[in-house]
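Trainee: Got a structure for you, written out below as structure tokens; questions coming shortly.
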Amino acid sequence: MFLQLYKDRNITVASQNLYISQQGMSKSIANLEKEVGFPLFKRSVSGVKYRG
């Protein structure tokens with residue numbers, strides 16, 4: 001999921017490409033960010049951007 005979101009830079013597009021719901025994608029990324037202890041993406045109305 002992380003790599004697909006990094007590639008697509010859009011939660012809706014990435015979730016469609018993985019055949020999962022947008023809500024499921026957002027929750028999975030939020031759980032991953034919680035696990036690593038910091039935000040991985042900067043979210044905006046135009047999409048997401050990797051913080052690394």
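A note on labels: chains of the structure tokens are A, B, ... as shown, every chain counts residues from 1, and ligands are counted from 1 in their shown order.
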Let's see if you can do this: from backbone DSSP, list all strand (DSSP E) residues in chain A, as a list in words.
Mentor: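 Secondary structure check on chain A, strand (DSSP E): Phe41, Lys42, Arg43, Ser44, Gly47, Val48, Lys49 and Tyr50 of chain A.
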Trainee: As a list in words, please: the residues near region 15-29 of chain A (cut-off 9 Å, only C-alpha atoms, same-chain neighbours under 2 positions excluded).
Mentor: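 That gives Met1, Phe2, Gln4, Leu5, Asn10, Ile11, Thr12, Val13, Asn31, Leu32, Glu33, Lys34, Leu40 and Phe41 of chain A.
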Trainee: From a backbone DSSP assignment, name each residue in chain A labelled alpha helix (DSSP H), as a ChimeraX atom specification.
Mentor: /A:2-8,11-17,22-36
Trainee: Now that the selection is made, can you save its residues with N, CA and C atoms as a compact mmCIF listing (two decimals), in the first residue's frame?
Mentor:
```txt
# COMPACT_ATOMS: atom_id res chain seq x y z
N PHE A 2 1.89 1.25 0.83
CA PHE A 2 2.77 2.41 0.90
C PHE A 2 3.34 2.74 -0.47
N LEU A 3 3.86 1.74 -1.15
CA LEU A 3 4.49 1.98 -2.45
C LEU A 3 3.49 2.47 -3.50
N GLN A 4 2.27 1.93 -3.46
CA GLN A 4 1.26 2.37 -4.41
C GLN A 4 0.89 3.82 -4.17
N LEU A 5 0.73 4.20 -2.90
CA LEU A 5 0.40 5.58 -2.58
C LEU A 5 1.55 6.51 -2.95
N TYR A 6 2.78 6.06 -2.70
CA TYR A 6 3.96 6.84 -3.07
C TYR A 6 3.97 7.07 -4.59
N LYS A 7 3.65 6.03 -5.34
CA LYS A 7 3.66 6.11 -6.81
C LYS A 7 2.53 7.01 -7.33
N ASP A 8 1.31 6.81 -6.82
CA ASP A 8 0.14 7.52 -7.33
C ASP A 8 -0.02 8.92 -6.75
N ILE A 11 -4.69 9.23 -2.65
CA ILE A 11 -5.28 8.11 -1.91
C ILE A 11 -6.39 7.45 -2.71
N THR A 12 -7.22 8.23 -3.38
CA THR A 12 -8.31 7.66 -4.16
C THR A 12 -7.78 6.79 -5.30
N VAL A 13 -6.83 7.30 -6.04
CA VAL A 13 -6.26 6.55 -7.17
C VAL A 13 -5.55 5.29 -6.68
N ALA A 14 -4.75 5.42 -5.63
CA ALA A 14 -4.02 4.26 -5.09
C ALA A 14 -4.99 3.19 -4.60
N SER A 15 -6.05 3.60 -3.92
CA SER A 15 -7.01 2.61 -3.42
C SER A 15 -7.74 1.93 -4.58
N GLN A 16 -8.05 2.66 -5.62
CA GLN A 16 -8.68 2.05 -6.80
C GLN A 16 -7.75 1.05 -7.47
N ASN A 17 -6.47 1.40 -7.57
CA ASN A 17 -5.50 0.50 -8.19
C ASN A 17 -5.29 -0.77 -7.39
N GLN A 22 -11.28 3.62 -0.21
CA GLN A 22 -10.47 4.78 0.16
C GLN A 22 -10.30 4.84 1.67
N GLN A 23 -11.36 4.52 2.40
CA GLN A 23 -11.30 4.53 3.85
C GLN A 23 -10.33 3.47 4.38
N GLY A 24 -10.34 2.29 3.75
CA GLY A 24 -9.41 1.23 4.13
C GLY A 24 -7.97 1.63 3.88
N MET A 25 -7.73 2.28 2.76
CA MET A 25 -6.39 2.75 2.43
C MET A 25 -5.93 3.79 3.45
N SER A 26 -6.78 4.75 3.75
CA SER A 26 -6.42 5.80 4.71
C SER A 26 -6.13 5.21 6.08
N LYS A 27 -6.95 4.26 6.50
CA LYS A 27 -6.76 3.64 7.81
C LYS A 27 -5.46 2.85 7.86
N SER A 28 -5.16 2.13 6.79
CA SER A 28 -3.92 1.35 6.74
C SER A 28 -2.69 2.24 6.80
N ILE A 29 -2.72 3.35 6.07
CA ILE A 29 -1.58 4.29 6.09
C ILE A 29 -1.47 4.93 7.46
N ALA A 30 -2.61 5.29 8.08
CA ALA A 30 -2.58 5.87 9.42
C ALA A 30 -1.99 4.89 10.43
N ASN A 31 -2.36 3.60 10.31
CA ASN A 31 -1.80 2.58 11.20
C ASN A 31 -0.30 2.42 10.99
N LEU A 32 0.14 2.47 9.75
CA LEU A 32 1.57 2.37 9.45
C LEU A 32 2.31 3.56 10.05
N GLU A 33 1.76 4.75 9.90
CA GLU A 33 2.38 5.95 10.46
C GLU A 33 2.44 5.87 11.98
N LYS A 34 1.41 5.32 12.59
CA LYS A 34 1.41 5.15 14.04
C LYS A 34 2.49 4.17 14.46
N GLU A 35 2.66 3.10 13.68
CA GLU A 35 3.66 2.08 13.98
C GLU A 35 5.08 2.63 13.90
N VAL A 36 5.36 3.44 12.88
CA VAL A 36 6.72 3.99 12.74
C VAL A 36 6.93 5.22 13.61
```
Trainee: Write out as a ChimeraX atom specification each polymer residue whose atoms come within 7 Å of Arg9 (chain A), counting only C-alpha atoms; drop sequence neighbours fewer than 4 positions from it.
Mentor: /A:5,47-49
